[in-house]
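S.K.: My file is target_7.pdb. It has PDB, C-alpha atoms and all ligand atoms:
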ATOM      1  CA  MET A   1      91.335 140.215 109.472
ATOM      2  CA  ILE A   2      88.832 137.496 108.699
ATOM      3  CA  VAL A   3      89.597 134.286 110.616
ATOM      4  CA  THR A   4      87.727 131.031 110.966
ATOM      5  CA  THR A   5      84.918 130.741 113.461
ATOM      6  CA  ALA A   6      86.748 127.700 114.851
ATOM      7  CA  GLN A   7      89.780 129.861 115.704
ATOM      8  CA  LEU A   8      87.585 132.298 117.619
ATOM      9  CA  PHE A   9      85.846 129.470 119.471
ATOM     10  CA  LYS A  10      89.126 127.815 120.437
ATOM     11  CA  HIS A  11      90.317 131.005 122.102
ATOM     12  CA  ALA A  12      87.022 131.825 123.803
ATOM     13  CA  TYR A  13      85.686 128.461 124.974
ATOM     14  CA  GLY A  14      84.913 128.369 128.695
ATOM     15  CA  LYS A  15      86.366 131.868 129.267
ATOM     16  CA  TYR A  16      84.166 134.307 127.389
ATOM     17  CA  ALA A  17      81.540 134.448 124.638
ATOM     18  CA  VAL A  18      82.086 135.956 121.210
ATOM     19  CA  GLY A  19      79.414 138.488 120.285
ATOM     20  CA  ALA A  20      77.672 137.578 117.020
ATOM     21  CA  TYR A  21      76.044 140.698 115.634
ATOM     22  CA  ASN A  22      73.693 140.866 112.627
ATOM     23  CA  ILE A  23      74.291 143.552 110.055
ATOM     24  CA  ASN A  24      72.196 144.778 107.137
ATOM     25  CA  ASN A  25      73.936 147.932 105.952
ATOM     26  CA  ALA A  26      77.090 150.062 105.969
ATOM     27  CA  GLU A  27      76.111 152.093 109.048
ATOM     28  CA  GLN A  28      75.746 148.956 111.161
ATOM     29  CA  ALA A  29      79.063 147.664 109.832
ATOM     30  CA  MET A  30      80.820 150.922 110.753
ATOM     31  CA  GLY A  31      79.334 150.962 114.256
ATOM     32  CA  LEU A  32      80.156 147.292 114.781
ATOM     33  CA  PHE A  33      83.799 147.607 113.744
ATOM     34  CA  LYS A  34      84.270 150.831 115.727
ATOM     35  CA  GLY A  35      82.735 149.302 118.854
ATOM     36  CA  CYS A  36      84.834 146.155 118.606
ATOM     37  CA  ILE A  37      88.051 148.110 118.064
ATOM     38  CA  SER A  38      87.355 150.484 120.961
ATOM     39  CA  SER A  39      86.650 147.495 123.227
ATOM     40  CA  GLN A  40      89.475 145.406 121.699
ATOM     41  CA  ALA A  41      87.163 142.459 121.104
ATOM     42  CA  PRO A  42      87.008 139.745 118.455
ATOM     43  CA  PHE A  43      83.536 139.310 116.973
ATOM     44  CA  ILE A  44      81.340 137.476 114.484
ATOM     45  CA  ILE A  45      79.401 139.300 111.781
ATOM     46  CA  GLN A  46      76.153 137.519 111.013
ATOM     47  CA  ILE A  47      74.246 137.844 107.790
ATOM     48  CA  SER A  48      70.703 136.486 107.699
ATOM     49  CA  LYS A  49      68.797 135.419 104.589
ATOM     50  CA  GLY A  50      66.741 138.594 104.984
ATOM     51  CA  ALA A  51      69.894 140.712 105.140
ATOM     52  CA  ARG A  52      71.209 139.081 101.962
ATOM     53  CA  LYS A  53      67.954 139.951 100.219
ATOM     54  CA  TYR A  54      67.625 143.492 101.641
ATOM     55  CA  THR A  55      69.898 144.991  99.010
ATOM     56  CA  ASP A  56      71.939 142.277  97.331
ATOM     57  CA  LYS A  57      74.046 139.555  98.933
ATOM     58  CA  ARG A  58      77.142 140.980  97.187
ATOM     59  CA  MET A  59      76.578 144.397  98.748
ATOM     60  CA  LEU A  60      77.138 143.183 102.315
ATOM     61  CA  GLU A  61      80.180 141.170 101.279
ATOM     62  CA  ALA A  62      81.648 144.312  99.720
ATOM     63  CA  VAL A  63      80.832 146.371 102.828
ATOM     64  CA  ILE A  64      82.559 143.802 105.047
ATOM     65  CA  ARG A  65      85.628 143.621 102.804
ATOM     66  CA  ALA A  66      85.829 147.434 102.852
ATOM     67  CA  ALA A  67      85.470 147.544 106.653
ATOM     68  CA  ASP A  68      88.239 144.936 106.940
ATOM     69  CA  GLY A  69      90.494 147.341 105.026
ATOM     70  CA  ILE A  70      89.418 150.393 107.030
ATOM     71  CA  PHE A  71      89.945 148.600 110.377
ATOM     72  CA  PRO A  72      93.008 146.359 109.881
ATOM     73  CA  GLU A  73      93.195 145.695 113.620
ATOM     74  CA  ALA A  74      89.815 143.929 113.677
ATOM     75  CA  ILE A  75      89.695 140.132 114.036
ATOM     76  CA  PHE A  76      86.383 138.583 113.064
ATOM     77  CA  ALA A  77      84.539 135.759 111.323
ATOM     78  CA  VAL A  78      81.666 135.999 108.832
ATOM     79  CA  HIS A  79      78.673 133.738 109.461
ATOM     80  CA  LEU A  80      75.385 132.903 107.740
ATOM     81  CA  ASP A  81      72.600 133.214 110.333
ATOM     82  CA  HIS A  82      69.584 130.835 110.161
ATOM     83  CA  GLY A  83      70.316 129.392 106.738
ATOM     84  CA  ASP A  84      68.271 126.840 104.829
ATOM     85  CA  GLU A  85      70.081 124.160 102.847
ATOM     86  CA  GLU A  86      70.148 126.096  99.590
ATOM     87  CA  THR A  87      71.458 129.302 101.187
ATOM     88  CA  CYS A  88      74.110 127.340 103.099
ATOM     89  CA  TYR A  89      75.418 125.882  99.829
ATOM     90  CA  ASP A  90      75.427 129.303  98.198
ATOM     91  CA  CYS A  91      77.497 130.726 101.080
ATOM     92  CA  ILE A  92      79.833 127.711 101.208
ATOM     93  CA  ASP A  93      80.467 127.984  97.473
ATOM     94  CA  SER A  94      80.974 131.775  97.631
ATOM     95  CA  GLY A  95      84.264 131.301  99.494
ATOM     96  CA  PHE A  96      83.519 134.360 101.640
ATOM     97  CA  TYR A  97      81.899 132.877 104.742
ATOM     98  CA  SER A  98      83.807 131.463 107.718
ATOM     99  CA  SER A  99      80.818 129.408 108.857
ATOM    100  CA  VAL A 100      77.174 128.730 108.091
ATOM    101  CA  MET A 101      74.181 127.956 110.237
ATOM    102  CA  ILE A 102      71.790 125.310 108.989
ATOM    103  CA  ASP A 103      68.560 125.762 110.859
ATOM    104  CA  ALA A 104      66.382 122.698 110.472
ATOM    105  CA  SER A 105      65.253 122.882 114.100
ATOM    106  CA  HIS A 106      61.605 123.057 113.027
ATOM    107  CA  ASP A 107      61.934 119.615 111.383
ATOM    108  CA  PRO A 108      61.659 116.310 113.273
ATOM    109  CA  PHE A 109      64.927 115.046 114.817
ATOM    110  CA  ASP A 110      65.810 112.563 112.042
ATOM    111  CA  LYS A 111      65.160 115.052 109.271
ATOM    112  CA  ASN A 112      67.143 117.743 111.111
ATOM    113  CA  VAL A 113      70.023 115.236 111.396
ATOM    114  CA  ALA A 114      69.892 114.322 107.700
ATOM    115  CA  ILE A 115      69.810 117.925 106.461
ATOM    116  CA  THR A 116      72.503 119.059 108.884
ATOM    117  CA  LYS A 117      74.761 116.127 107.937
ATOM    118  CA  ARG A 118      74.522 117.002 104.231
ATOM    119  CA  VAL A 119      75.495 120.620 104.967
ATOM    120  CA  VAL A 120      78.328 119.552 107.298
ATOM    121  CA  ASP A 121      79.805 117.256 104.633
ATOM    122  CA  ARG A 122      79.743 119.970 102.008
ATOM    123  CA  ALA A 123      81.026 122.703 104.362
ATOM    124  CA  HIS A 124      83.854 120.611 105.808
ATOM    125  CA  ALA A 125      85.050 119.748 102.311
ATOM    126  CA  LYS A 126      85.738 123.471 101.948
ATOM    127  CA  GLY A 127      87.133 124.051 105.460
ATOM    128  CA  ILE A 128      84.009 125.897 106.629
ATOM    129  CA  SER A 129      82.414 125.147 109.960
ATOM    130  CA  VAL A 130      78.741 124.600 110.691
ATOM    131  CA  GLU A 131      76.305 125.665 113.383
ATOM    132  CA  ALA A 132      73.115 123.633 113.700
ATOM    133  CA  GLU A 133      70.102 124.038 115.976
ATOM    134  CA  LEU A 134      68.241 121.601 118.164
ATOM    135  CA  GLY A 135      65.189 122.591 120.177
ATOM    136  CA  MET A 136      62.946 125.501 119.284
ATOM    137  CA  LEU A 137      63.135 129.094 120.398
ATOM    138  CA  GLY A 138      59.914 131.092 120.572
ATOM    139  CA  GLY A 139      59.422 134.125 118.329
ATOM    140  CA  VAL A 140      60.204 134.696 114.680
ATOM    141  CA  GLU A 141      63.109 133.088 112.852
ATOM    142  CA  GLU A 142      63.278 134.412 109.313
ATOM    143  CA  ASP A 143      59.891 133.520 107.819
ATOM    144  CA  ILE A 144      59.051 130.847 110.393
ATOM    145  CA  LYS A 145      56.989 131.853 113.419
ATOM    146  CA  VAL A 146      57.189 129.644 116.491
ATOM    147  CA  GLU A 147      54.318 130.204 118.891
ATOM    148  CA  ASP A 148      55.441 130.416 122.536
ATOM    149  CA  GLY A 149      53.614 127.193 123.396
ATOM    150  CA  ASN A 150      55.570 125.336 120.703
ATOM    151  CA  ALA A 151      58.969 126.540 121.835
ATOM    152  CA  CYS A 152      60.803 123.657 123.480
ATOM    153  CA  LEU A 153      64.067 123.519 125.330
ATOM    154  CA  THR A 154      66.902 121.398 123.969
ATOM    155  CA  ASP A 155      66.991 117.877 125.381
ATOM    156  CA  PRO A 156      70.572 117.288 126.651
ATOM    157  CA  ASP A 157      70.655 113.601 125.653
ATOM    158  CA  GLU A 158      69.337 114.407 122.187
ATOM    159  CA  ALA A 159      71.946 117.172 121.882
ATOM    160  CA  LYS A 160      74.778 114.672 122.397
ATOM    161  CA  LYS A 161      73.249 112.235 119.921
ATOM    162  CA  PHE A 162      72.664 115.023 117.389
ATOM    163  CA  VAL A 163      76.268 116.217 117.542
ATOM    164  CA  GLU A 164      77.597 112.669 117.137
ATOM    165  CA  LEU A 165      75.307 111.912 114.201
ATOM    166  CA  THR A 166      75.862 115.157 112.298
ATOM    167  CA  GLY A 167      79.456 116.194 113.020
ATOM    168  CA  THR A 168      78.297 119.791 113.466
ATOM    169  CA  ASP A 169      80.969 122.121 114.876
ATOM    170  CA  CYS A 170      78.714 123.953 117.306
ATOM    171  CA  LEU A 171      75.128 123.756 118.454
ATOM    172  CA  ALA A 172      72.459 126.379 118.983
ATOM    173  CA  CYS A 173      70.479 125.290 122.031
ATOM    174  CA  ALA A 174      67.108 126.479 123.228
ATOM    175  CA  ILE A 175      67.645 127.436 126.880
ATOM    176  CA  GLY A 176      64.730 129.789 127.421
ATOM    177  CA  THR A 177      65.405 132.681 125.067
ATOM    178  CA  SER A 178      63.440 133.723 121.991
ATOM    179  CA  HIS A 179      64.023 136.102 119.114
ATOM    180  CA  GLY A 180      62.778 139.684 119.174
ATOM    181  CA  ALA A 181      61.885 142.147 121.925
ATOM    182  CA  PHE A 182      59.326 140.114 123.893
ATOM    183  CA  LYS A 183      61.250 137.207 125.323
ATOM    184  CA  PHE A 184      59.831 136.476 128.750
ATOM    185  CA  LYS A 185      56.314 136.702 130.080
ATOM    186  CA  GLY A 186      57.203 135.525 133.572
ATOM    187  CA  LYS A 187      60.625 135.023 135.116
ATOM    188  CA  GLN A 188      63.495 136.578 133.188
ATOM    189  CA  SER A 189      66.164 133.889 133.379
ATOM    190  CA  LEU A 190      68.070 131.395 131.285
ATOM    191  CA  HIS A 191      67.647 127.689 132.030
ATOM    192  CA  PHE A 192      71.097 127.146 133.517
ATOM    193  CA  ASP A 193      70.044 123.677 134.691
ATOM    194  CA  VAL A 194      69.496 122.578 131.077
ATOM    195  CA  LEU A 195      72.705 124.292 129.954
ATOM    196  CA  GLN A 196      74.718 122.518 132.652
ATOM    197  CA  LYS A 197      73.336 119.143 131.530
ATOM    198  CA  ILE A 198      74.209 119.869 127.899
ATOM    199  CA  LYS A 199      77.735 120.872 128.909
ATOM    200  CA  ASP A 200      78.126 117.696 130.981
ATOM    201  CA  ARG A 201      77.254 115.601 127.932
ATOM    202  CA  LEU A 202      79.282 117.694 125.484
ATOM    203  CA  PRO A 203      82.340 118.929 127.401
ATOM    204  CA  GLY A 204      84.540 121.282 125.390
ATOM    205  CA  PHE A 205      81.925 121.625 122.655
ATOM    206  CA  PRO A 206      80.916 125.201 121.686
ATOM    207  CA  LEU A 207      77.277 126.083 122.259
ATOM    208  CA  VAL A 208      75.401 129.023 120.774
ATOM    209  CA  MET A 209      72.737 131.178 122.378
ATOM    210  CA  HIS A 210      70.265 132.758 119.987
ATOM    211  CA  GLY A 211      67.767 135.402 121.034
ATOM    212  CA  SER A 212      70.278 137.036 123.363
ATOM    213  CA  SER A 213      69.299 140.699 123.090
ATOM    214  CA  SER A 214      68.815 142.362 126.467
ATOM    215  CA  VAL A 215      66.141 144.814 125.213
ATOM    216  CA  PRO A 216      67.339 147.623 127.547
ATOM    217  CA  LYS A 217      64.444 149.297 129.333
ATOM    218  CA  ASP A 218      65.920 152.800 128.990
ATOM    219  CA  GLU A 219      66.210 152.265 125.235
ATOM    220  CA  VAL A 220      62.577 151.172 124.941
ATOM    221  CA  ASP A 221      61.442 154.036 127.207
ATOM    222  CA  ARG A 222      63.237 156.565 124.986
ATOM    223  CA  ILE A 223      61.698 155.031 121.856
ATOM    224  CA  ASN A 224      58.225 155.231 123.396
ATOM    225  CA  ALA A 225      58.818 158.815 124.607
ATOM    226  CA  ALA A 226      59.663 159.731 121.017
ATOM    227  CA  GLY A 227      56.446 158.309 119.578
ATOM    228  CA  GLY A 228      57.136 154.565 119.579
ATOM    229  CA  LYS A 229      54.666 151.978 120.799
ATOM    230  CA  ILE A 230      56.666 149.072 122.166
ATOM    231  CA  ALA A 231      54.836 147.674 125.182
ATOM    232  CA  GLY A 232      55.663 144.699 127.377
ATOM    233  CA  SER A 233      59.150 144.077 126.013
ATOM    234  CA  MET A 234      61.718 142.087 127.982
ATOM    235  CA  GLY A 235      65.137 140.725 127.105
ATOM    236  CA  VAL A 236      67.865 138.487 128.489
ATOM    237  CA  ASP A 237      69.617 139.712 131.632
ATOM    238  CA  PRO A 238      73.031 140.640 130.168
ATOM    239  CA  ASN A 239      74.685 139.731 133.467
ATOM    240  CA  GLU A 240      73.854 136.126 132.556
ATOM    241  CA  TYR A 241      76.073 136.184 129.434
ATOM    242  CA  LEU A 242      79.289 135.411 131.305
ATOM    243  CA  PRO A 243      77.879 132.660 133.549
ATOM    244  CA  ALA A 244      76.502 131.077 130.346
ATOM    245  CA  ALA A 245      79.910 131.433 128.679
ATOM    246  CA  LYS A 246      81.518 129.532 131.549
ATOM    247  CA  LEU A 247      79.084 126.702 130.758
ATOM    248  CA  GLY A 248      80.139 126.472 127.114
ATOM    249  CA  VAL A 249      78.106 129.199 125.403
ATOM    250  CA  THR A 250      80.793 130.504 123.067
ATOM    251  CA  LYS A 251      78.660 132.535 120.625
ATOM    252  CA  VAL A 252      75.954 134.954 121.735
ATOM    253  CA  ASN A 253      73.619 136.274 118.998
ATOM    254  CA  ILE A 254      72.450 139.877 119.252
ATOM    255  CA  ASP A 255      70.332 141.579 116.607
ATOM    256  CA  THR A 256      67.193 143.131 118.127
ATOM    257  CA  ASP A 257      69.179 145.433 120.452
ATOM    258  CA  GLY A 258      70.899 147.008 117.445
ATOM    259  CA  ARG A 259      67.503 147.676 115.858
ATOM    260  CA  LEU A 260      66.392 149.364 119.078
ATOM    261  CA  VAL A 261      69.452 151.648 119.025
ATOM    262  CA  TRP A 262      68.623 152.550 115.413
ATOM    263  CA  THR A 263      64.970 153.234 116.238
ATOM    264  CA  ARG A 264      65.764 155.373 119.311
ATOM    265  CA  VAL A 265      68.331 157.488 117.445
ATOM    266  CA  HIS A 266      66.105 158.116 114.451
ATOM    267  CA  ARG A 267      62.867 158.709 116.379
ATOM    268  CA  GLU A 268      64.579 161.210 118.695
ATOM    269  CA  PHE A 269      66.415 162.912 115.843
ATOM    270  CA  PHE A 270      63.356 163.544 113.704
ATOM    271  CA  ARG A 271      61.202 164.449 116.741
ATOM    272  CA  ASP A 272      63.735 167.130 117.711
ATOM    273  CA  LYS A 273      64.448 168.296 114.142
ATOM    274  CA  PRO A 274      61.142 167.998 112.284
ATOM    275  CA  GLY A 275      62.422 170.093 109.381
ATOM    276  CA  GLU A 276      65.395 167.797 108.712
ATOM    277  CA  PHE A 277      65.399 165.417 105.756
ATOM    278  CA  ASP A 278      69.068 164.531 105.339
ATOM    279  CA  PHE A 279      69.646 160.969 106.533
ATOM    280  CA  ARG A 280      73.361 161.437 107.141
ATOM    281  CA  PRO A 281      73.213 163.408 110.431
ATOM    282  CA  PRO A 282      71.130 160.739 112.230
ATOM    283  CA  GLY A 283      73.161 158.063 110.441
ATOM    284  CA  LYS A 284      76.329 159.463 111.982
ATOM    285  CA  ILE A 285      74.740 159.543 115.437
ATOM    286  CA  PHE A 286      73.596 155.948 114.949
ATOM    287  CA  ILE A 287      77.107 154.767 114.044
ATOM    288  CA  GLU A 288      78.524 156.299 117.245
ATOM    289  CA  GLU A 289      75.663 155.075 119.447
ATOM    290  CA  TYR A 290      75.808 151.576 117.970
ATOM    291  CA  ALA A 291      79.579 151.494 118.515
ATOM    292  CA  LYS A 292      79.043 152.420 122.180
ATOM    293  CA  PHE A 293      76.368 149.751 122.535
ATOM    294  CA  ILE A 294      78.588 147.058 120.968
ATOM    295  CA  ALA A 295      81.498 147.963 123.244
ATOM    296  CA  SER A 296      79.233 147.716 126.293
ATOM    297  CA  ARG A 297      77.997 144.243 125.225
ATOM    298  CA  ASN A 298      81.544 143.039 124.639
ATOM    299  CA  VAL A 299      82.390 143.979 128.224
ATOM    300  CA  LEU A 300      79.456 141.881 129.478
ATOM    301  CA  LEU A 301      80.389 138.968 127.202
ATOM    302  CA  GLY A 302      83.973 139.041 128.461
ATOM    303  CA  SER A 303      85.297 139.428 124.883
ATOM    304  CA  SER A 304      86.435 142.979 125.564
ATOM    305  CA  GLY A 305      90.230 143.243 125.817
ATOM    306  CA  GLN A 306      90.848 139.787 124.268
ATOM    307  CA  LEU A 307      92.243 141.001 120.936
ATOM    308  CA  ALA A 308      95.954 141.127 121.833
ATOM    309  CA  ASP A 309      95.967 137.644 123.369
ATOM    310  CA  LEU A 310      93.981 136.216 120.461
ATOM    311  CA  LYS A 311      96.378 137.793 117.964
ATOM    312  CA  GLN A 312      99.306 136.252 119.774
ATOM    313  CA  SER A 313      97.684 132.828 119.897
ATOM    314  CA  LEU A 314      97.000 133.076 116.147
ATOM    315  CA  GLY A 315     100.675 133.898 115.596
ATOM    316  CA  LYS A 316      99.815 137.242 113.913
TER     317      LYS A 316
HETATM  318  O1  LIG A 401      67.185 135.413 114.247
HETATM  319  C1  LIG A 401      66.923 136.224 113.379
HETATM  320  C2  LIG A 401      67.798 137.407 113.236
HETATM  321  O2  LIG A 401      67.490 138.360 114.216
HETATM  322  C3  LIG A 401      67.762 137.937 111.840
HETATM  323  O3  LIG A 401      66.599 138.659 111.596
HETATM  324  O4  LIG A 401      65.792 137.573 109.512
HETATM  325  O5  LIG A 401      64.959 139.828 110.194
HETATM  326  O6  LIG A 401      67.301 139.546 109.358
HETATM  327  P1  LIG A 401      66.125 138.908 110.066
HETATM  328  P1  LIG A 402      67.687 138.728 119.233
HETATM  329  O1  LIG A 402      66.379 138.886 118.554
HETATM  330  O2  LIG A 402      67.544 138.487 120.692
HETATM  331  O3  LIG A 402      68.622 139.863 118.967
HETATM  332  O4  LIG A 402      68.372 137.398 118.635
HETATM  333  C1  LIG A 402      69.145 137.455 117.460
HETATM  334  C2  LIG A 402      69.492 136.118 116.936
HETATM  335  O5  LIG A 402      69.350 135.095 117.568
HETATM  336  C3  LIG A 402      70.042 136.056 115.583
HETATM  337  O6  LIG A 402      70.234 134.765 115.146
HETATM  338 ZN    ZN A 403      68.769 133.409 115.923
END
Give the structure from this file in structure tokens form.
Ligand code: G3H
Ligand code: 13P
Ligand code: ZN

M.R.:
Amino acid sequence: MIVTTAQLFKHAYGKYAVGAYNINNAEQAMGLFKGCISSQAPFIIQISKGARKYTDKRMLEAVIRAADGIFPEAIFAVHLDHGDEETCYDCIDSGFYSSVMIDASHDPFDKNVAITKRVVDRAHAKGISVEAELGMLGGVEEDIKVEDGNACLTDPDEAKKFVELTGTDCLACAIGTSHGAFKFKGKQSLHFDVLQKIKDRLPGFPLVMHGSSSVPKDEVDRINAAGGKIAGSMGVDPNEYLPAAKLGVTKVNIDTDGRLVWTRVHREFFRDKPGEFDFRPPGKIFIEEYAKFIASRNVLLGSSGQLADLKQSLGK
């Protein structure tokens, strides 16, 4: 069942974080739904601009609609990840998305406010909620590369002002994470001090943590043992998800970890079966392994086991 992102946030705020997982194809969708059903967790499906372009934006919509029919127990929202203004309007007008993210975080404050406000006005007119971003994560966001030195943490006072000026429904904050598999060079920790200050200024307001993959060492080791060359990777400590959730982080974005599961499964499969050329056997393994991974993340996010209570609170 597709619900609004606002309904998920209302149930989760201050107690747990909803996992927001990016998908690009049917195998990821199957693994995601299976993992969320086995762990009895609500979730958010995220579609990036790149994912919309990978095949065709209508393909993923059709996959999600089909999965909704195959897994009637599932409760989830559909979200545009890192949208520009044009893509936000396309998703708002499509009638399929529960929420959109307008990412103008690379623009100066006033321009970010103006763009975000335009998207909020148009989205709210259609009952769709908006995520905006303030502060800059390091790494790669869609086609924009932010060098580590340019990444800057969200200023708590600016965050309050930004929310008041734009009317955004939730805010992606930079609290030390970055996209991809190489997040920390030194200490591996979120900036809880900054997060606490943002929460103090915006009590009850849902915050979003991008760049939340944990980049499991055993996963990377297996990839490298099967011919991969991923050196120096480091992710978020997944034991910090729940403490962050208690401080208002209600949506935790995870994409890279799913790519690592895919890479490990396929590298190991073709290493061990060099004569194989049917993509379905490794595809089936991937679906099961991704489902297991998703379930394990939902436990760490605290969203695991929340489905029955959420259903009741939604009156379903
Ligand atoms: O933050 C970016 C997401 O991980 C989406 O990645 O643009 O390669 O689909 P993508
Ligand atoms: P990761 O690269 O850590 O998975 O972050 C994903 C993300 O923030 C999607 O918006
Ligand atoms: Zn992101």

S.K.: Hey, what's within 10 Å of Glu73 in chain A if we count all atoms listed in the file and toss same-chain stuff fewer than 6 positions away? As a PyMOL selection string, please?

M.R.: chain A and resi 1+33+36-37+40+42+307-308+311

S.K.: Give me the box for ligand LIG 402 (chain A) as JSON, namely the centre and edge lengths in Å to one decimal of a box along x, y and z that holds every listed atom plus 8 Å on each side.

M.R.:
{"center_x": 68.3, "center_y": 137.3, "center_z": 117.9, "size_x": 19.9, "size_y": 21.1, "size_z": 21.5}

S.K.: All residues within 8 Å of ligand LIG 402 (chain A) are required, counting all atoms listed in the file; please report them as JSON, numbers by chain.

M.R.: {"A": [20, 21, 22, 46, 48, 81, 82, 141, 177, 178, 179, 180, 181, 183, 209, 210, 211, 212, 213, 214, 215, 235, 236, 252, 253, 254, 255, 256, 257, 258]}

S.K.: Applying the PyMOL selection byres (((chain A and resi 106) around 9) and not hetatm) to the file I just gave you, which residues come out? Please list them as a PyMOL selection string.

M.R.: chain A and resi 103-105+107-109+112+134-136+144+146

S.K.: Write out as a PyMOL selection string each polymer residue whose atoms come within 10 Å of Ala295 in chain A, counting all atoms listed in the file; drop sequence neighbours fewer than 4 positions from it.

M.R.: chain A and resi 31-41+289-291+299-301+303-304

S.K.: Extract, using all atoms listed in the file, all DNA, RNA and protein residues at most 10 Å from range 113-126 of chain A, discarding same-chain residues fewer than 5 positions from it, and format them as a PyMOL selection string.

M.R.: chain A and resi 84-86+88-89+91-93+95+98-105+107-108+131-134+161-169

S.K.: Looking at A:Ala226, A:Met59, A:Ala17, A:Ile47, which one is nearest to ligand ZN 403 (chain A), with distances taken over only C-alpha atoms and all ligand atoms?

M.R.: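 Closest residue, counting only C-alpha atoms and all ligand atoms: A:Ile47.
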
S.K.: Any chance you could work out the residue set of the PyMOL selection byres (((chain A and resi 202) around 10) and not hetatm) here, as a ChimeraX atom specification?

M.R.: /A:156-157,159-161,163-164,196-201,203-207,248

S.K.: Choose the residue, out of A:Val130, A:Ala6, A:Ala74, A:Ala172, that has the smallest atom-to-atom separation from ligand LIG 401 (chain A); count all atoms listed in the file.

M.R.: A:Ala172

S.K.: Please identify all polymer residues within 12 Å of Ser313 in chain A, counting only C-alpha atoms, omitting same-chain residues fewer than 3 positions from it, and present them as a list in words.

M.R.: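 Contacts, in chain order: Gln7, Leu8, Lys10, His11, Ala12, Gln306, Leu307, Ala308, Asp309, Leu310 and Lys316 of chain A.
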
S.K.: Give as a PyMOL selection string the residues that the PyMOL selection byres (((chain A and resi 3) around 6) and not hetatm) matches when applied to the coordinates above.

M.R.: chain A and resi 2+4+76-77

S.K.: Could you please take those selected residues and save C-alpha atoms as a JSON list (two decimals), keeping the file's coordinate frame?

M.R.:
[["chain", "number", "residue", "atom", "x", "y", "z"],
["A", 2, "ILE", "CA", 88.83, 137.50, 108.70],
["A", 4, "THR", "CA", 87.73, 131.03, 110.97],
["A", 76, "PHE", "CA", 86.38, 138.58, 113.06],
["A", 77, "ALA", "CA", 84.54, 135.76, 111.32]]
